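S.K.: upload24.cif is reproduced below (mmCIF, C-alpha atoms).
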```cif
data_work
loop_
_atom_site.label_atom_id
_atom_site.label_comp_id
_atom_site.auth_asym_id
_atom_site.auth_seq_id
_atom_site.Cartn_x
_atom_site.Cartn_y
_atom_site.Cartn_z
CA MET Y 1 -49.00 31.73 41.97
CA PRO Y 2 -51.74 29.83 43.81
CA GLU Y 3 -50.93 26.17 44.40
CA GLU Y 4 -53.91 24.99 42.38
CA GLN Y 5 -52.62 26.85 39.31
CA LYS Y 6 -49.10 25.43 39.41
CA ARG Y 7 -48.21 22.93 36.71
CA THR Y 8 -47.51 19.65 38.47
CA GLY Y 9 -47.07 16.09 37.28
CA GLU Y 10 -46.31 12.80 38.97
CA GLU Y 11 -45.62 9.19 38.07
CA GLU Y 12 -44.89 5.84 39.71
CA ARG Y 13 -43.25 2.81 38.12
CA THR Y 14 -42.60 -0.59 39.66
CA THR Y 15 -40.81 -3.47 37.96
CA ALA Y 16 -38.93 -6.54 39.11
CA GLU Y 17 -35.80 -4.36 39.11
CA THR Y 18 -36.87 -1.00 40.53
CA SER Y 19 -39.57 0.99 42.24
CA VAL Y 20 -39.57 4.70 41.39
CA GLU Y 21 -41.93 7.56 42.18
CA ALA Y 22 -41.51 11.21 41.26
CA ARG Y 23 -43.33 14.53 41.28
CA ILE Y 24 -42.38 17.70 39.40
CA CYS Y 25 -43.77 21.20 39.84
CA ILE Y 26 -42.64 23.35 36.93
CA ASP Y 27 -43.72 26.55 38.68
CA GLY Y 28 -41.56 25.87 41.70
CA GLU Y 29 -38.68 27.40 43.64
CA GLY Y 30 -35.91 24.93 42.91
CA GLU Y 31 -36.48 22.69 45.92
CA ALA Y 32 -35.30 19.08 45.65
CA ASP Y 33 -36.12 16.07 47.82
CA VAL Y 34 -34.32 13.22 46.10
CA GLU Y 35 -33.19 9.77 47.24
CA THR Y 36 -32.27 7.28 44.52
CA GLY Y 37 -29.60 5.29 46.33
CA LEU Y 38 -27.02 6.76 43.93
CA GLY Y 39 -25.38 9.77 45.52
CA PHE Y 40 -24.03 11.23 42.30
CA LEU Y 41 -27.38 10.92 40.54
CA ASP Y 42 -29.03 12.62 43.52
CA HIS Y 43 -26.54 15.48 43.15
CA MET Y 44 -27.30 15.86 39.44
CA LEU Y 45 -31.06 15.90 40.07
CA GLU Y 46 -30.62 18.51 42.79
CA LEU Y 47 -28.72 20.66 40.27
CA LEU Y 48 -31.50 20.12 37.76
CA ALA Y 49 -34.17 21.27 40.20
CA LYS Y 50 -32.18 24.28 41.39
CA HIS Y 51 -31.30 25.67 37.98
CA ALA Y 52 -34.62 24.85 36.32
CA GLN Y 53 -36.50 26.31 39.31
CA PHE Y 54 -38.57 23.12 39.43
CA ASP Y 55 -39.68 21.56 42.69
CA LEU Y 56 -38.65 17.92 42.44
CA TYR Y 57 -39.48 14.90 44.59
CA CYS Y 58 -38.03 11.51 43.71
CA ARG Y 59 -37.67 8.19 45.50
CA ALA Y 60 -36.07 5.13 43.93
CA ASP Y 61 -35.40 1.66 45.27
CA GLY Y 62 -33.46 -0.41 42.76
CA ASP Y 63 -31.22 -3.41 42.31
CA LEU Y 64 -28.03 -1.55 43.13
CA HIS Y 65 -26.37 -4.85 44.09
CA VAL Y 66 -26.25 -5.43 40.31
CA ASP Y 67 -25.26 -1.90 39.28
CA GLY Y 68 -26.84 1.51 38.82
CA HIS Y 69 -28.15 0.97 35.30
CA HIS Y 70 -31.76 -0.04 35.96
CA THR Y 71 -32.25 2.59 38.66
CA THR Y 72 -30.78 5.42 36.58
CA GLU Y 73 -32.75 4.52 33.46
CA ASP Y 74 -36.03 4.09 35.34
CA VAL Y 75 -35.59 7.39 37.16
CA GLY Y 76 -35.25 8.99 33.71
CA ILE Y 77 -38.41 7.23 32.53
CA VAL Y 78 -40.43 8.38 35.53
CA LEU Y 79 -39.15 11.97 35.56
CA GLY Y 80 -39.82 12.35 31.84
CA THR Y 81 -43.37 11.12 32.28
CA ALA Y 82 -43.95 13.43 35.24
CA LEU Y 83 -42.71 16.41 33.23
CA ARG Y 84 -44.93 15.55 30.27
CA ARG Y 85 -47.95 15.38 32.57
CA ALA Y 86 -47.04 18.67 34.24
CA LEU Y 87 -46.93 20.37 30.82
CA GLY Y 88 -50.46 19.24 29.93
CA GLU Y 89 -51.57 20.76 26.62
CA LYS Y 90 -48.40 22.92 26.55
CA LYS Y 91 -50.37 26.11 26.03
CA GLY Y 92 -48.29 29.24 26.30
CA ILE Y 93 -44.89 27.61 26.68
CA ARG Y 94 -41.89 29.02 24.84
CA ARG Y 95 -41.17 25.46 23.65
CA PHE Y 96 -37.48 26.00 22.80
CA GLY Y 97 -34.49 26.60 25.03
CA ASP Y 98 -30.73 26.67 24.65
CA ALA Y 99 -27.75 27.35 26.86
CA ASP Y 100 -23.96 27.25 26.85
CA ILE Y 101 -22.88 26.26 30.33
CA PRO Y 102 -19.28 26.54 31.60
CA MET Y 103 -18.12 24.54 34.60
CA ALA Y 104 -14.46 25.35 35.18
CA GLU Y 105 -12.64 23.87 32.15
CA ALA Y 106 -15.78 22.12 30.83
CA LEU Y 107 -18.24 23.71 28.42
CA ALA Y 108 -21.55 22.12 27.40
CA SER Y 109 -23.90 23.35 24.69
CA VAL Y 110 -27.49 22.20 25.27
CA ALA Y 111 -30.67 22.81 23.27
CA VAL Y 112 -34.19 21.48 23.80
CA ASP Y 113 -37.47 21.42 21.90
CA ILE Y 114 -40.61 20.43 23.78
CA GLY Y 115 -42.25 19.55 20.51
CA GLY Y 116 -43.53 16.01 20.98
CA ARG Y 117 -40.61 14.31 19.23
CA ASN Y 118 -38.39 12.17 21.42
CA TYR Y 119 -34.82 12.39 20.21
CA LEU Y 120 -31.41 12.63 21.88
CA SER Y 121 -28.25 13.80 20.15
CA TYR Y 122 -25.40 13.23 22.60
CA SER Y 123 -21.85 14.21 21.66
CA VAL Y 124 -19.96 13.73 24.92
CA GLU Y 125 -16.59 12.23 25.78
CA PHE Y 126 -15.51 11.52 29.33
CA GLN Y 127 -11.88 11.06 30.28
CA ASN Y 128 -12.81 8.62 33.06
CA THR Y 129 -15.42 5.87 33.28
CA THR Y 130 -16.67 6.82 36.73
CA THR Y 131 -17.00 9.81 38.99
CA GLY Y 132 -18.13 9.64 42.59
CA GLY Y 133 -18.58 5.89 42.15
CA PHE Y 134 -21.10 6.54 39.36
CA ASP Y 135 -20.69 5.05 35.89
CA VAL Y 136 -20.75 8.11 33.62
CA GLU Y 137 -22.12 6.17 30.64
CA LEU Y 138 -25.38 6.01 32.59
CA ILE Y 139 -25.88 9.73 32.00
CA HIS Y 140 -26.69 8.86 28.40
CA GLU Y 141 -29.13 6.17 29.56
CA PHE Y 142 -30.88 8.62 31.88
CA LEU Y 143 -31.20 11.29 29.21
CA GLN Y 144 -32.37 8.85 26.54
CA ALA Y 145 -35.10 7.53 28.83
CA PHE Y 146 -36.06 11.06 29.86
CA CYS Y 147 -36.37 12.25 26.25
CA ARG Y 148 -38.46 9.23 25.29
CA THR Y 149 -41.10 9.67 27.97
CA ALA Y 150 -41.07 13.48 28.13
CA ALA Y 151 -41.39 13.58 24.32
CA VAL Y 152 -38.65 16.17 23.92
CA THR Y 153 -35.77 16.65 21.49
CA LEU Y 154 -32.46 17.25 23.24
CA HIS Y 155 -29.07 18.08 21.71
CA ILE Y 156 -26.01 18.00 23.95
CA ASP Y 157 -22.50 18.80 22.76
CA VAL Y 158 -19.62 18.99 25.20
CA VAL Y 159 -17.29 21.44 23.51
CA ARG Y 160 -14.40 20.80 25.90
CA GLY Y 161 -13.66 19.37 29.30
CA SER Y 162 -11.34 16.99 31.13
CA ASN Y 163 -12.87 16.56 34.58
CA SER Y 164 -15.77 14.08 34.47
CA HIS Y 165 -17.59 15.67 37.39
CA HIS Y 166 -17.40 19.09 35.74
CA ILE Y 167 -18.64 17.71 32.42
CA ALA Y 168 -21.60 16.02 34.07
CA GLU Y 169 -22.49 19.16 36.01
CA ALA Y 170 -22.34 21.28 32.87
CA ILE Y 171 -24.69 18.83 31.12
CA PHE Y 172 -27.29 18.80 33.89
CA LYS Y 173 -27.11 22.55 34.47
CA GLY Y 174 -27.54 23.03 30.73
CA LEU Y 175 -30.55 20.72 30.72
CA ALA Y 176 -31.99 22.67 33.64
CA ARG Y 177 -31.56 26.08 32.05
CA THR Y 178 -33.00 24.99 28.71
CA LEU Y 179 -36.02 23.39 30.38
CA ARG Y 180 -36.54 26.50 32.49
CA GLU Y 181 -36.62 28.60 29.33
CA ALA Y 182 -38.68 26.20 27.23
CA THR Y 183 -41.37 25.58 29.89
CA SER Y 184 -41.78 29.24 30.82
CA ILE Y 185 -44.95 30.99 29.69
CA ASP Y 186 -44.61 33.44 26.83
CA PRO Y 187 -46.56 36.57 27.85
CA ARG Y 188 -47.23 37.39 24.18
CA SER Y 189 -49.15 34.15 23.59
CA PRO Y 190 -50.09 32.66 26.97
CA ASP Y 191 -53.08 30.72 25.64
CA GLU Y 192 -51.61 29.42 22.40
CA VAL Y 193 -49.88 26.13 21.66
CA PRO Y 194 -46.55 27.08 20.00
CA SER Y 195 -47.05 25.11 16.79
CA THR Y 196 -48.66 25.77 13.41
CA LYS Y 197 -50.32 22.35 13.84
CA GLY Y 198 -52.18 23.62 16.88
CA THR Y 199 -50.98 20.76 19.05
CA LEU Y 200 -47.75 19.37 20.43
#
```
For the structure just supplied, provide its representation as structure tokens.
M.R.:
Amino acid sequence: MPEEQKRTGEEERTTAETSVEARICIDGEGEADVETGLGFLDHMLELLAKHAQFDLYCRADGDLHVDGHHTTEDVGIVLGTALRRALGEKKGIRRFGDADIPMAEALASVAVDIGGRNYLSYSVEFQNTTTGGFDVELIHEFLQAFCRTAAVTLHIDVVRGSNSHHIAEAIFKGLARTLREATSIDPRSPDEVPSTKGTL
């Protein structure tokens, strides 16, 4: 696909707590260039790019001397906005996606609707509070911020799992696969918005 036809969105956000910039190309090859200052979050975003086949660029400079909360949430805000901009009028997209993702003993069920409604249903229990020095409760904050600005509905249910790293990976891989499916162009209706309202 010619570069000028690829669906790309970007966003920048600067507050007293963080400075974040991101760019997403939906029609990419899974390349990630990510530096948030939080190694585990970087790893999750690299998984997201790889399995969604998005090209993802993200830089974040936040108040990590406090904790990772502001940085993680604001990265979610910026990435969600960039995705919404990349989708444009959403013509031709499949809109829905779902996946059951195993990661060793962990199993995550993930479903998404790119329908303009921001909603997160998150049924996840971690056995530990941190993994890789990252506070796992921040995964919820990231996803909530992402859903709000991307205007997507996301349901995540972790069916089973004991290793926090595995659970987190299953969640992000599930998000990636559902977004890959939902943002792909349906060859049967490439010029139509997938809604009886005519808009999303």
S.K.: Determine, for each residue of stretch 73-149 of chain Y having at least one atom at most 10 Å from an atom of stretch 16-21 of chain Y, the closest pair of atoms and their separation in Å to one decimal, counting all atoms listed in the file; order by chain and ascending number, as JSON lines.
M.R.:
```
{"residue": "Y:Glu73", "atom": "CA", "partner": "Y:Thr18", "partner_atom": "CA", "distance": 9.9}
{"residue": "Y:Asp74", "atom": "CA", "partner": "Y:Val20", "partner_atom": "CA", "distance": 7.0}
{"residue": "Y:Val75", "atom": "CA", "partner": "Y:Val20", "partner_atom": "CA", "distance": 6.4}
{"residue": "Y:Gly76", "atom": "CA", "partner": "Y:Val20", "partner_atom": "CA", "distance": 9.8}
{"residue": "Y:Ile77", "atom": "CA", "partner": "Y:Val20", "partner_atom": "CA", "distance": 9.3}
{"residue": "Y:Val78", "atom": "CA", "partner": "Y:Glu21", "partner_atom": "CA", "distance": 6.9}
{"residue": "Y:Leu79", "atom": "CA", "partner": "Y:Glu21", "partner_atom": "CA", "distance": 8.4}
{"residue": "Y:Ala82", "atom": "CA", "partner": "Y:Glu21", "partner_atom": "CA", "distance": 9.3}
```
S.K.: Could you tell me, as JSON, numbers by chain, exactly which residues end up selected when the PyMOL selection byres ((chain Y and resi 59) around 10) is applied to this structure?
M.R.: {"Y": [12, 19, 20, 21, 22, 23, 33, 34, 35, 36, 37, 42, 57, 58, 60, 61, 62, 75]}
S.K.: Looking at Y:Gly161, Y:Gly68, Y:Gly133, Y:Gly116, which one is nearest to Y:Pro194, with distances taken over all atoms listed in the file?
M.R.: Y:Gly116
S.K.: Enumerate, as JSON, numbers by chain, the protein, DNA and RNA residues whose atoms approach (-25.3, 12.9, 41.2) to within 10 Å, taking into account all atoms listed in the file and the coordinate frame of the file.
M.R.: {"Y": [36, 38, 39, 40, 41, 42, 43, 44, 45, 46, 47, 131, 132, 133, 134, 139, 165, 168, 169, 172]}
S.K.: Taking all atoms listed in the file into account, which of Y:Glu31, Y:Glu3, Y:Asp98, Y:Asp55 comes nearest Y:His155?
M.R.: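 For Y:His155, the nearest of the candidates is Y:Asp98.
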S.K.: When distances are computed from all atoms listed in the file, which of Y:Leu64, Y:Leu56, Y:Leu154, Y:Ile171 shows the smallest separation from Y:Leu83?
M.R.: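 For Y:Leu83, the nearest of the candidates is Y:Leu56.
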S.K.: To one decimal place, how far is atom CA of Y:Arg148 from atom CA of Y:Asp63 in Å?
M.R.: 22.4 Å
S.K.: Applying 7 Å and only C-alpha atoms, which residues near Y:Asp100 remain after dropping the ones on its own chain fewer than 2 positions away? List them as a count of residues only.
M.R.: 6
S.K.: Identify which of the residues Y:Ala32, Y:Glu11, Y:Arg95, Y:Lys50 lies closest to Y:Pro190, counting only C-alpha atoms when measuring atom-to-atom distances.
M.R.: Y:Arg95
S.K.: Taking 3 positions as the minimum chain separation for residues in the same chain, which residues sit within 7 Å of stretch 176-180 of chain Y when counting all atoms listed in the file? Answer as a list in words.
M.R.: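 The filter keeps Leu48, His51, Ala52, Gln53, Gly97, Asp98, Ala99, Ala111, Val112, Phe172, Lys173, Thr183 and Ser184 of chain Y.
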S.K.: I'd like the interatomic distance between atom CA of Y:Ala104 and atom CA of Y:Phe142, to a tenth of an Å.
M.R.: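 Computing it gives 23.7 Å between the two atoms.
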S.K.: Do a neighbour search on Y:Phe126 at 12 Å with all atoms listed in the file, toss out local chain neighbours closer than 5 positions, and write the hits as a PDB file with C-alpha atoms, in the frame of the given file.
M.R.:
```
ATOM      1  CA  ALA Y 106     -15.780  22.120  30.830  1.00  0.00           C
ATOM      2  CA  THR Y 131     -17.000   9.810  38.990  1.00  0.00           C
ATOM      3  CA  ASP Y 135     -20.690   5.050  35.890  1.00  0.00           C
ATOM      4  CA  VAL Y 136     -20.750   8.110  33.620  1.00  0.00           C
ATOM      5  CA  GLU Y 137     -22.120   6.170  30.640  1.00  0.00           C
ATOM      6  CA  LEU Y 138     -25.380   6.010  32.590  1.00  0.00           C
ATOM      7  CA  ILE Y 139     -25.880   9.730  32.000  1.00  0.00           C
ATOM      8  CA  HIS Y 140     -26.690   8.860  28.400  1.00  0.00           C
ATOM      9  CA  VAL Y 158     -19.620  18.990  25.200  1.00  0.00           C
ATOM     10  CA  VAL Y 159     -17.290  21.440  23.510  1.00  0.00           C
ATOM     11  CA  ARG Y 160     -14.400  20.800  25.900  1.00  0.00           C
ATOM     12  CA  GLY Y 161     -13.660  19.370  29.300  1.00  0.00           C
ATOM     13  CA  SER Y 162     -11.340  16.990  31.130  1.00  0.00           C
ATOM     14  CA  ASN Y 163     -12.870  16.560  34.580  1.00  0.00           C
ATOM     15  CA  SER Y 164     -15.770  14.080  34.470  1.00  0.00           C
ATOM     16  CA  HIS Y 165     -17.590  15.670  37.390  1.00  0.00           C
ATOM     17  CA  HIS Y 166     -17.400  19.090  35.740  1.00  0.00           C
ATOM     18  CA  ILE Y 167     -18.640  17.710  32.420  1.00  0.00           C
ATOM     19  CA  ALA Y 168     -21.600  16.020  34.070  1.00  0.00           C
ATOM     20  CA  ILE Y 171     -24.690  18.830  31.120  1.00  0.00           C
TER      21      ILE Y 171
END
```
S.K.: Distance atom CA of Y:Gly115-atom CA of Y:Ala151, one decimal place?
M.R.: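 Computed distance, atom CA of Y:Gly115 to atom CA of Y:Ala151, equals 7.1 Å.
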S.K.: Can you turn the PyMOL selection byres ((chain Y and resi 200) around 10) into a concrete residue list for this file, as an MDAnalysis selection string?
M.R.: chainID Y and resid 88:91 95 114:117 151 193:199
S.K.: Dump C-alpha atoms for the selected residues as a PDB file, keeping the file's coordinate frame?
M.R.:
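What ended up in part_36.pdb:
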```
ATOM      1  CA  GLY Y  88     -50.460  19.240  29.930  1.00  0.00           C
ATOM      2  CA  GLU Y  89     -51.570  20.760  26.620  1.00  0.00           C
ATOM      3  CA  LYS Y  90     -48.400  22.920  26.550  1.00  0.00           C
ATOM      4  CA  LYS Y  91     -50.370  26.110  26.030  1.00  0.00           C
ATOM      5  CA  ARG Y  95     -41.170  25.460  23.650  1.00  0.00           C
ATOM      6  CA  ILE Y 114     -40.610  20.430  23.780  1.00  0.00           C
ATOM      7  CA  GLY Y 115     -42.250  19.550  20.510  1.00  0.00           C
ATOM      8  CA  GLY Y 116     -43.530  16.010  20.980  1.00  0.00           C
ATOM      9  CA  ARG Y 117     -40.610  14.310  19.230  1.00  0.00           C
ATOM     10  CA  ALA Y 151     -41.390  13.580  24.320  1.00  0.00           C
ATOM     11  CA  VAL Y 193     -49.880  26.130  21.660  1.00  0.00           C
ATOM     12  CA  PRO Y 194     -46.550  27.080  20.000  1.00  0.00           C
ATOM     13  CA  SER Y 195     -47.050  25.110  16.790  1.00  0.00           C
ATOM     14  CA  THR Y 196     -48.660  25.770  13.410  1.00  0.00           C
ATOM     15  CA  LYS Y 197     -50.320  22.350  13.840  1.00  0.00           C
ATOM     16  CA  GLY Y 198     -52.180  23.620  16.880  1.00  0.00           C
ATOM     17  CA  THR Y 199     -50.980  20.760  19.050  1.00  0.00           C
TER      18      THR Y 199
END
```
S.K.: Could you state which residues are captured by the PyMOL selection byres ((chain Y and resi 123) around 6) in this file, as a VMD selection string?
M.R.: chain Y and resid 122 124 157
S.K.: Taking all atoms listed in the file into account, which of Y:Ile93, Y:Cys25, Y:Leu87, Y:Leu175 comes nearest Y:Arg188?
M.R.: Y:Ile93
S.K.: Could you check the closest approach to Y:Ala150 for each of Y:Thr14, Y:Thr130, Y:Thr81, Y:Ser189 and tell me which residue wins, using all atoms listed in the file?
M.R.: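 Looking at the shortest contact to Y:Ala150, the residue is Y:Thr81.
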